[in-house]
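Colleague: Please find upload11.csv (CSV, C-alpha atoms) on the next line:
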chain,number,residue,atom,x,y,z
A,466,MET,CA,-4.2,6.1,0.0
A,467,ALA,CA,-6.6,6.9,2.8
A,468,MET,CA,-9.2,8.3,0.4
A,469,ALA,CA,-8.9,5.1,-1.7
A,470,ALA,CA,-9.5,3.0,1.4
A,471,LEU,CA,-12.5,5.0,2.4
A,472,ASP,CA,-14.0,4.7,-1.0
A,473,GLU,CA,-13.3,1.0,-1.8
A,474,ARG,CA,-14.4,-2.0,0.2
A,475,ASP,CA,-13.3,-4.8,-2.2
A,476,PRO,CA,-9.8,-5.8,-0.9
A,477,PHE,CA,-8.5,-6.8,-4.4
A,478,THR,CA,-9.7,-3.6,-6.0
A,479,LEU,CA,-8.2,-1.6,-3.1
A,480,ARG,CA,-4.9,-3.4,-3.4
A,481,ALA,CA,-4.7,-2.6,-7.1
A,482,GLU,CA,-5.5,1.1,-6.4
A,483,LEU,CA,-2.9,1.3,-3.6
A,484,GLY,CA,-0.4,-0.2,-6.0
A,485,ILE,CA,-1.1,2.6,-8.6
A,486,LEU,CA,-0.9,5.3,-5.9
A,487,GLY,CA,2.3,3.9,-4.5
A,488,ARG,CA,4.0,3.7,-7.9
A,489,GLU,CA,2.9,7.3,-8.6
A,490,SER,CA,4.3,8.4,-5.2
A,491,GLU,CA,7.6,6.5,-5.9
A,492,ALA,CA,7.9,8.2,-9.3
A,493,ARG,CA,7.5,11.6,-7.8
A,494,MET,CA,10.1,10.8,-5.1
A,495,MET,CA,12.6,9.6,-7.8
A,496,LEU,CA,12.1,12.8,-9.7
A,497,ALA,CA,12.6,14.9,-6.5
A,498,THR,CA,15.7,13.0,-5.6
A,499,GLY,CA,17.3,12.8,-9.0
A,500,GLY,CA,16.7,9.0,-9.3
A,501,ILE,CA,17.9,8.1,-5.8
A,502,ASN,CA,15.7,5.7,-3.9
A,503,THR,CA,15.7,7.5,-0.5
A,504,HIS,CA,12.5,6.1,1.0
A,505,ARG,CA,10.6,3.8,-1.4
A,506,GLY,CA,9.9,1.2,1.3
A,507,ALA,CA,8.7,3.9,3.7
A,508,ILE,CA,6.2,5.2,1.1
A,509,TRP,CA,4.7,1.8,0.8
A,510,CYS,CA,4.7,0.8,4.5
A,511,LEU,CA,3.2,4.1,5.6
A,512,GLY,CA,0.7,4.0,2.7
A,513,LEU,CA,-0.5,0.6,4.0
A,514,ILE,CA,-0.8,1.8,7.5
A,515,VAL,CA,-2.7,4.9,6.4
A,516,ALA,CA,-5.1,2.9,4.2
A,517,ALA,CA,-5.7,0.3,6.9
A,518,SER,CA,-6.4,3.1,9.4
A,519,ALA,CA,-8.9,4.8,7.1
A,520,MET,CA,-10.8,1.5,6.6
A,521,GLN,CA,-11.9,1.4,10.2
A,522,PRO,CA,-11.0,4.7,11.9
A,523,SER,CA,-13.0,4.0,15.0
A,524,ARG,CA,-10.9,0.9,15.8
A,525,TRP,CA,-7.5,2.0,16.9
A,526,ARG,CA,-6.2,-1.1,18.5
A,527,ALA,CA,-2.7,-1.7,17.2
A,528,SER,CA,-3.3,-5.5,16.8
A,529,SER,CA,-6.3,-5.0,14.6
A,530,LEU,CA,-4.7,-2.3,12.6
A,531,LEU,CA,-1.6,-4.5,11.9
A,532,GLU,CA,-3.9,-7.4,10.9
A,533,ARG,CA,-5.5,-5.1,8.3
A,534,VAL,CA,-2.1,-4.0,7.1
A,535,ALA,CA,-0.9,-7.6,6.7
A,536,ALA,CA,-4.1,-8.6,4.9
A,537,ILE,CA,-3.7,-5.8,2.3
A,538,ALA,CA,0.0,-6.5,1.9
A,539,ALA,CA,-0.7,-10.2,1.3
A,540,ILE,CA,-2.7,-9.5,-1.8
A,541,ASP,CA,-0.5,-9.7,-4.9
A,542,ASP,CA,-0.4,-6.5,-7.0
A,543,PRO,CA,-2.1,-7.4,-10.3
A,544,ALA,CA,0.1,-4.9,-12.2
A,545,VAL,CA,3.4,-6.6,-11.2
A,546,SER,CA,4.2,-10.1,-12.5
A,547,PRO,CA,5.8,-12.5,-10.0
A,548,ALA,CA,9.0,-12.6,-12.0
A,549,ARG,CA,9.5,-8.9,-11.8
A,550,ARG,CA,8.9,-8.4,-8.0
A,551,SER,CA,11.4,-6.3,-6.1
A,552,ASN,CA,13.1,-7.7,-2.9
A,553,GLY,CA,10.6,-5.7,-0.8
A,554,GLN,CA,7.6,-7.1,-2.7
A,555,ARG,CA,8.9,-10.7,-2.2
A,556,ALA,CA,9.3,-10.0,1.5
I need this file expressed as structure tokens, please.

Modeller:
Amino acid sequence: MAMAALDERDPFTLRAELGILGRESEARMMLATGGINTHRGAIWCLGLIVAASAMQPSRWRASSLLERVAAIAAIDDPAVSPARRSNGQRA
């Protein structure tokens, strides 16, 4: 996710890429845990933090980092229809 954020400056394209990477990570976690959702939310939250950090690594103020995280999270995932969103996605 950090590499995607370093390579992509368009926020909508980045959001789509992060969604793909997140779903791939979740699928690997589900395989490793025998289908048990042990940390799906953590994968996504940490992925957003990592991506936002990579976007501007020289600016380590917590408030600006969290603003970037919130901005990315506010963009709808183009691969997920609003009717099929999980509880976490709606939140």

Colleague: So how many Å separate CA of Arg493 in chain A and CA of Ala548 in chain A, to one decimal?

Modeller: 24.6 Å

Colleague: If I take CA of Ser528 in chain A and CA of Thr478 in chain A, how far is one from the other in Å, to one decimal?

Modeller: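 Taking CA of Ser528 in chain A as the start and CA of Thr478 in chain A as the end point, the length is 23.8 Å.
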
Colleague: Name all residues at most 10 Å from range 531-543 of chain A (count all atoms listed in the file; drop same-chain ones fewer than 6 positions away) and give them as a PyMOL selection string.

Modeller: chain A and resi 476-485+509-518+520-521+550+554-556

Colleague: Could you tell me how far CA of Val545 in chain A lies from CA of Ser529 in chain A, in Å and to one decimal?

Modeller: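 Between these atoms lies a distance of 27.6 Å.
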
Colleague: Using only C-alpha atoms, which of the listed residues (A:Ala544, A:Ala527, A:Leu471, A:Ala507) sits closest to Ser490 in chain A?

Modeller: A:Ala507

Colleague: Counting all atoms listed in the file, which of A:Ala519, A:Met494, A:Ser546, A:Leu530 gets nearest to Met468 in chain A?

Modeller: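 The answer is A:Ala519, which sits nearest to Met468 in chain A.
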
Colleague: Using all atoms listed in the file, can you tell me which of A:Gly506, A:Thr498, A:Glu491, A:Leu486 comes closest to Ala467 in chain A?

Modeller: A:Leu486

Colleague: Taking into account all atoms listed in the file, which residue in the set A:Gly487, A:Arg526, A:Ala470, A:Asp475 is nearest to His504 in chain A?

Modeller: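 Of A:Gly487, A:Arg526, A:Ala470, A:Asp475, the one nearest His504 in chain A is A:Gly487, counting all atoms listed in the file.
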